[in-house]
file data35.cif (mmCIF, C-alpha atoms)
data_run
#
loop_
_atom_site.label_atom_id
_atom_site.label_comp_id
_atom_site.auth_asym_id
_atom_site.auth_seq_id
_atom_site.Cartn_x
_atom_site.Cartn_y
_atom_site.Cartn_z
CA MET A 185 9.03 47.86 11.42
CA LEU A 186 5.91 46.97 9.52
CA TYR A 187 2.60 48.55 10.48
CA CYS A 188 -1.04 48.43 9.40
CA LYS A 189 -2.65 51.77 8.64
CA LYS A 190 -6.16 50.34 9.02
CA CYS A 191 -5.70 48.69 12.42
CA ASN A 192 -3.02 51.13 13.59
CA ILE A 193 -0.77 48.38 14.91
CA ARG A 194 2.87 47.45 14.40
CA ALA A 195 3.96 43.94 13.41
CA ALA A 196 7.37 42.59 14.34
CA GLY A 197 9.27 40.28 12.03
CA THR A 198 8.43 39.77 8.38
CA PRO A 199 4.72 38.87 8.15
CA LYS A 200 3.11 39.18 4.74
CA ASN A 201 -0.25 40.46 6.01
CA CYS A 202 -1.73 42.15 9.04
CA PRO A 203 -2.47 39.55 11.74
CA LEU A 204 -5.83 41.23 12.48
CA CYS A 205 -7.40 42.28 9.18
CA GLN A 206 -5.13 40.34 6.80
CA GLY A 207 -4.55 43.58 4.91
CA ASP A 208 -1.33 44.86 3.36
CA LEU A 209 1.43 46.14 5.64
CA ALA A 210 3.53 49.24 5.13
CA GLY A 211 7.01 50.02 6.35
CA THR A 212 10.26 48.06 6.44
CA PRO A 213 10.31 44.45 7.67
CA ASP A 214 12.52 43.69 10.65
CA GLU A 215 13.94 40.15 10.32
CA SER A 216 15.36 40.27 13.84
CA GLY A 217 11.83 40.45 15.17
CA ASN A 218 10.81 36.99 13.94
CA VAL A 219 9.49 35.03 16.91
CA PHE A 220 9.63 31.59 15.30
CA PRO A 221 12.67 30.15 13.51
CA VAL A 222 12.51 29.46 9.80
CA ILE A 223 12.16 25.70 9.32
CA PRO A 224 13.57 24.46 6.02
CA PRO A 225 11.34 22.08 4.04
CA VAL A 226 11.92 18.42 4.77
CA VAL A 227 13.27 16.57 1.76
CA SER A 228 12.74 12.82 1.81
CA PRO A 229 16.02 10.91 1.30
CA TYR A 230 14.12 8.39 -0.84
CA ARG A 231 12.58 11.00 -3.12
CA THR A 232 15.49 10.98 -5.56
CA LEU A 233 15.54 7.18 -5.62
CA ILE A 234 11.81 7.03 -6.33
CA ASN A 235 12.17 9.59 -9.12
CA LEU A 236 15.01 7.57 -10.67
CA ILE A 237 12.95 4.37 -10.52
CA ALA A 238 9.98 6.18 -12.05
CA PHE A 239 12.19 7.53 -14.83
CA GLY A 240 13.59 4.04 -15.42
CA THR A 241 10.04 2.73 -15.68
CA VAL A 242 9.21 5.31 -18.34
CA ILE A 243 12.37 4.37 -20.27
CA ALA A 244 11.52 0.65 -20.08
CA ALA A 245 7.96 1.26 -21.28
CA ALA A 246 9.08 3.50 -24.15
CA ALA A 247 11.83 1.07 -25.18
CA SER A 248 9.48 -1.92 -25.20
CA ILE A 249 6.96 -0.06 -27.37
CA ALA A 250 9.71 1.10 -29.74
CA VAL A 251 11.11 -2.43 -30.09
CA ASN A 252 7.63 -3.88 -30.56
CA ILE A 253 6.89 -1.39 -33.35
CA SER A 254 10.28 -1.89 -35.01
CA VAL A 255 10.10 -5.69 -34.85
CA PRO A 256 6.37 -6.47 -35.16
CA PHE A 257 6.54 -10.17 -34.34
CA GLY A 258 4.67 -11.99 -31.59
CA GLY A 259 1.80 -9.54 -31.33
CA TRP A 260 1.59 -6.46 -29.16
CA TRP A 261 3.59 -7.86 -26.24
CA SER A 262 4.70 -4.35 -25.28
CA LEU A 263 1.19 -3.68 -23.96
CA PHE A 264 1.72 -6.39 -21.35
CA VAL A 265 5.02 -4.79 -20.36
CA VAL A 266 3.37 -1.39 -19.96
CA ALA A 267 0.44 -2.91 -18.06
CA GLY A 268 2.84 -4.78 -15.78
CA LEU A 269 4.82 -1.63 -15.01
CA GLY A 270 1.59 0.26 -14.38
CA SER A 271 0.37 -2.47 -12.03
CA LEU A 272 3.66 -2.30 -10.15
CA TRP A 273 3.28 1.41 -9.56
CA LEU A 274 -0.37 1.10 -8.59
CA SER A 275 0.66 -1.45 -5.99
CA PHE A 276 3.36 0.91 -4.74
CA LEU A 277 1.01 3.90 -4.56
CA LEU A 278 -1.44 1.81 -2.57
CA ILE A 279 1.04 1.83 0.31
CA ASN A 280 0.38 5.12 2.06
CA LYS A 281 1.86 4.38 5.48
CA TRP A 282 4.97 2.26 5.76
CA LYS A 283 4.62 2.15 9.54
CA ASN A 284 1.43 0.06 9.40
CA ILE A 285 2.93 -3.01 7.74
CA PRO A 286 0.07 -5.45 8.61
CA LYS A 287 -2.52 -3.16 7.02
CA ASN A 288 -0.33 -2.71 3.94
CA ILE A 289 0.12 -6.47 3.59
CA PHE A 290 -3.66 -6.91 3.73
CA LYS A 291 -4.23 -4.19 1.12
CA GLN A 292 -1.59 -5.68 -1.16
CA VAL A 293 -3.18 -9.14 -0.90
CA ILE A 294 -6.55 -7.76 -2.01
CA PHE A 295 -5.09 -5.62 -4.78
CA ILE A 296 -2.78 -8.29 -6.23
CA SER A 297 -5.56 -10.90 -6.07
CA VAL A 298 -7.96 -8.73 -8.07
CA LEU A 299 -5.18 -7.76 -10.47
CA ALA A 300 -4.11 -11.37 -11.06
CA LEU A 301 -7.67 -12.51 -11.71
CA ALA A 302 -8.21 -9.62 -14.12
CA TRP A 303 -4.98 -10.37 -16.00
CA ASP A 304 -5.81 -14.05 -16.21
CA PHE A 305 -9.33 -13.31 -17.43
CA PHE A 306 -8.30 -10.84 -20.15
CA THR A 307 -5.51 -13.11 -21.42
CA GLY A 308 -7.71 -16.14 -22.00
CA PHE A 309 -8.03 -17.41 -18.41
CA ASN A 310 -5.40 -20.16 -18.35
CA GLY A 311 -5.94 -20.64 -14.62
CA TRP A 312 -2.50 -19.52 -13.44
CA SER A 313 -4.08 -16.98 -11.07
CA LEU A 314 -6.01 -19.68 -9.18
CA ASN A 315 -3.39 -22.40 -9.52
CA PHE A 316 -0.44 -20.36 -8.32
CA VAL A 317 -0.82 -16.65 -7.61
CA LEU A 318 -3.71 -16.57 -5.14
CA PRO A 319 -2.80 -19.58 -2.95
CA ILE A 320 0.90 -18.64 -2.87
CA LEU A 321 0.04 -15.00 -2.18
CA PHE A 322 -2.27 -15.86 0.72
CA SER A 323 0.22 -18.36 2.15
CA PHE A 324 3.05 -15.85 1.99
CA ALA A 325 0.88 -13.12 3.56
CA MET A 326 -0.10 -15.32 6.51
CA VAL A 327 3.49 -16.35 7.20
CA ALA A 328 4.78 -12.80 6.73
CA LEU A 329 2.18 -11.35 9.12
CA ALA A 330 2.89 -13.95 11.79
CA VAL A 331 6.67 -13.58 11.54
CA TYR A 332 6.56 -9.78 11.46
CA ALA A 333 4.22 -9.64 14.47
CA LYS A 334 6.52 -11.98 16.41
CA ILE A 335 9.71 -10.10 15.56
CA MET A 336 8.27 -6.63 16.17
CA LYS A 337 6.27 -7.82 19.23
CA LEU A 338 3.07 -6.25 17.94
CA GLY A 339 -0.05 -6.01 20.01
CA VAL A 340 -3.04 -8.17 19.17
CA GLU A 341 -4.98 -5.17 17.88
CA ASP A 342 -2.21 -4.34 15.39
CA TYR A 343 -2.30 -7.47 13.24
CA THR A 344 -4.74 -10.17 14.41
CA LEU A 345 -7.80 -8.91 12.54
CA TYR A 346 -5.90 -8.66 9.25
CA LEU A 347 -4.44 -12.13 9.73
CA LEU A 348 -7.87 -13.56 10.53
CA ILE A 349 -9.49 -12.06 7.41
CA ILE A 350 -6.70 -13.36 5.16
CA SER A 351 -6.90 -16.79 6.81
CA VAL A 352 -10.68 -17.01 6.38
CA MET A 353 -10.32 -16.08 2.72
CA GLY A 354 -7.58 -18.71 2.38
CA VAL A 355 -9.95 -21.42 3.62
CA PHE A 356 -11.90 -21.08 0.38
CA SER A 357 -8.93 -22.62 -1.44
CA LEU A 358 -10.39 -25.97 -0.36
CA LEU A 359 -13.40 -25.27 -2.59
CA LEU A 360 -11.08 -24.80 -5.54
CA ILE A 361 -9.78 -28.32 -4.95
CA LEU A 362 -13.15 -29.95 -4.26
CA PHE A 363 -14.78 -28.50 -7.37
CA ASP A 364 -11.76 -29.20 -9.60
CA VAL A 365 -11.24 -25.52 -10.33
CA VAL A 366 -7.47 -25.84 -9.97
CA THR A 367 -5.39 -28.32 -11.93
CA ILE A 368 -2.41 -28.14 -9.54
CA VAL A 369 -3.61 -28.78 -6.00
CA TYR A 370 -0.40 -28.37 -3.97
CA PRO A 371 -0.42 -24.56 -3.60
CA ALA A 372 -4.13 -24.55 -2.72
CA ALA A 373 -3.67 -27.42 -0.24
CA VAL A 374 -0.79 -25.63 1.50
CA CYS A 375 -2.84 -22.42 1.61
CA PHE A 376 -5.80 -24.25 3.17
CA ALA A 377 -3.58 -25.91 5.79
CA LEU A 378 -1.93 -22.61 6.75
CA SER A 379 -5.34 -20.93 6.94
CA VAL A 380 -6.69 -23.55 9.35
CA ILE A 381 -3.54 -23.34 11.47
CA SER A 382 -3.73 -19.53 11.58
CA ILE A 383 -7.41 -19.47 12.50
CA GLY A 384 -6.89 -22.12 15.16
CA SER A 385 -3.94 -20.30 16.74
CA ILE A 386 -5.80 -16.99 16.76
CA LEU A 387 -8.95 -18.41 18.35
CA LEU A 388 -7.08 -20.52 20.91
CA PHE A 389 -4.40 -18.06 21.99
CA GLU A 390 -5.81 -14.63 21.11
CA GLY A 391 -9.56 -15.27 21.19
CA LYS A 392 -10.44 -12.90 24.03
CA ALA A 393 -8.21 -10.12 22.74
CA LEU A 394 -9.63 -10.56 19.25
CA TRP A 395 -13.19 -10.32 20.55
CA LYS A 396 -12.36 -7.09 22.39
CA GLU A 397 -10.81 -5.69 19.22
CA LEU A 398 -13.91 -6.60 17.20
CA GLN A 399 -16.12 -4.95 19.81
CA ARG A 400 -14.00 -1.81 19.63
CA ARG A 401 -13.99 -1.63 15.83
CA LEU A 402 -17.67 -2.54 15.38
CA HIS A 403 -18.81 -0.49 18.40
CA LEU A 404 -20.62 -3.48 19.91
#
call {"tool": "encode", "arguments": {"input": "data35.cif", "output": "structure tokens"}}
result
Amino acid sequence: MLYCKKCNIRAAGTPKNCPLCQGDLAGTPDESGNVFPVIPPVVSPYRTLINLIAFGTVIAAAASIAVNISVPFGGWWSLFVVAGLGSLWLSFLLINKWKNIPKNIFKQVIFISVLALAWDFFTGFNGWSLNFVLPILFSFAMVALAVYAKIMKLGVEDYTLYLLIISVMGVFSLLLILFDVVTIVYPAAVCFALSVISIGSILLFEGKALWKELQRRLHL
């Protein structure tokens, strides 16, 4: 059995240090004296898959750069490939808790919106981010949140605030139409209609619960 000369105590099991002074222990460890069972480390079943996907991403990036250098036609298109792969992984890393799907949807909407605007701006601003990406993204997010909440029978506090924020932001798509910012109005019009419907349904059917949730979050 292990013992500490300084504290003059004996320690059962196989501790590395004295439980009192954290000093070194002398003697022979007794494995039968372990009070707690040894718990093996938990290995995520998706870890290998994620590593394979990451490795495939590196291969794709390296291959695109190699091809671009070998066949130097059409400019440095490989940079867009690498930036796209990097954006994909940034979006994936932004998801820290798969259990809170509504919060992750909200975070993805913000991240992809900023990313799309940045890409459009640095590639000459052709307007595809405002014409297509943002209105379609907001429309999809509103529908996805509503459907997921209905299927999973979520409480009002679990999704309503995220849906309301996305819907309010979607209302601004009307300004894109009124000020002729977009050249294709259908995605923005659909986004505006879904935003109004979402806000109306929240205020009419979940207004009291939403107000209580706002009071709780804002400490009113």
call {"tool": "closest_residue", "arguments": {"input": "data35.cif", "among": "A:Leu362, A:Leu338, A:Ile223, A:Ala372", "to": "Lys283 of chain A", "atoms": "only C-alpha atoms"}}
result
A:Leu338
call {"tool": "closest_atom_pairs", "arguments": {"input": "data35.cif", "of": "segment 203-291 of chain A", "to": "segment 339-348 of chain A", "cutoff": "9 Å", "atoms": "only C-alpha atoms", "output": "Markdown table"}}
result
| residue | atom | partner | partner_atom | distance |
| --- | --- | --- | --- | --- |
| A:Asn284 | CA | A:Asp342 | CA | 8.3 |
| A:Ile285 | CA | A:Tyr343 | CA | 8.8 |
| A:Pro286 | CA | A:Tyr343 | CA | 5.6 |
| A:Lys287 | CA | A:Tyr346 | CA | 6.8 |
| A:Ile289 | CA | A:Tyr346 | CA | 8.5 |
| A:Phe290 | CA | A:Tyr346 | CA | 6.2 |
call {"tool": "atom_distance", "arguments": {"input": "data35.cif", "atom1": "atom CA of Ile350 of chain A", "atom2": "atom CA of Phe309 of chain A"}}
result
24.0 Å
call {"tool": "residues_around", "arguments": {"input": "data35.cif", "residues": "segment 257-262 of chain A", "least_positions_apart": "3", "cutoff": "6 Å", "atoms": "all atoms listed in the file", "output": "count of residues only"}}
result
3
call {"tool": "resolve_selection", "arguments": {"input": "data35.cif", "expression": "the PyMOL selection byres ((chain A and resi 327) around 12)", "output": "list of chain:residue names"}}
result
A:Pro286, A:Ile289, A:Ile320, A:Leu321, A:Phe322, A:Ser323, A:Phe324, A:Ala325, A:Met326, A:Ala328, A:Leu329, A:Ala330, A:Val331, A:Tyr332, A:Ala333, A:Lys334, A:Leu347, A:Ile350, A:Ser351, A:Val374, A:Cys375, A:Ala377, A:Leu378, A:Ser379, A:Ile381, A:Ser382
call {"tool": "closest_residue", "arguments": {"input": "data35.cif", "among": "A:Tyr187, A:Ile349, A:Phe316, A:Val355", "to": "Asp304 of chain A", "atoms": "only C-alpha atoms"}}
result
A:Phe316
call {"tool": "closest_residue", "arguments": {"input": "data35.cif", "among": "A:Asn288, A:Pro319, A:Ala195, A:Leu277", "to": "Met353 of chain A", "atoms": "all atoms listed in the file"}}
result
A:Pro319
call {"tool": "atom_distance", "arguments": {"input": "data35.cif", "atom1": "atom CA of Gly384 of chain A", "atom2": "atom CA of Phe295 of chain A"}}
result
25.9 Å
call {"tool": "residues_around", "arguments": {"input": "data35.cif", "residues": "Ser313 of chain A", "least_positions_apart": "6", "cutoff": "9 Å", "atoms": "only C-alpha atoms", "output": "VMD selection string"}}
result
chain A and resid 297 300 to 304 319
call {"tool": "atom_distance", "arguments": {"input": "data35.cif", "atom1": "atom CA of Val366 of chain A", "atom2": "atom CA of Trp312 of chain A"}}
result
8.8 Å
call {"tool": "residues_around", "arguments": {"input": "data35.cif", "residues": "Ala247 of chain A", "least_positions_apart": "6", "cutoff": "12 Å", "atoms": "all atoms listed in the file", "output": "PDB file with C-alpha atoms, keeping the file's coordinate frame"}}
result
ATOM      1  CA  GLY A 240      13.590   4.040 -15.420  1.00  0.00           C
ATOM      2  CA  THR A 241      10.040   2.730 -15.680  1.00  0.00           C
ATOM      3  CA  ILE A 253       6.890  -1.390 -33.350  1.00  0.00           C
ATOM      4  CA  SER A 254      10.280  -1.890 -35.010  1.00  0.00           C
ATOM      5  CA  VAL A 255      10.100  -5.690 -34.850  1.00  0.00           C
ATOM      6  CA  SER A 262       4.700  -4.350 -25.280  1.00  0.00           C
ATOM      7  CA  LEU A 263       1.190  -3.680 -23.960  1.00  0.00           C
ATOM      8  CA  VAL A 265       5.020  -4.790 -20.360  1.00  0.00           C
ATOM      9  CA  VAL A 266       3.370  -1.390 -19.960  1.00  0.00           C
TER      10      VAL A 266
END
call {"tool": "closest_residue", "arguments": {"input": "data35.cif", "among": "A:Gly308, A:Pro199, A:Pro225, A:Gly391", "to": "Gly211 of chain A", "atoms": "only C-alpha atoms"}}
result
A:Pro199
call {"tool": "closest_residue", "arguments": {"input": "data35.cif", "among": "A:Leu402, A:Leu314, A:Ala393, A:Ile193", "to": "Val365 of chain A", "atoms": "all atoms listed in the file"}}
result
A:Leu314
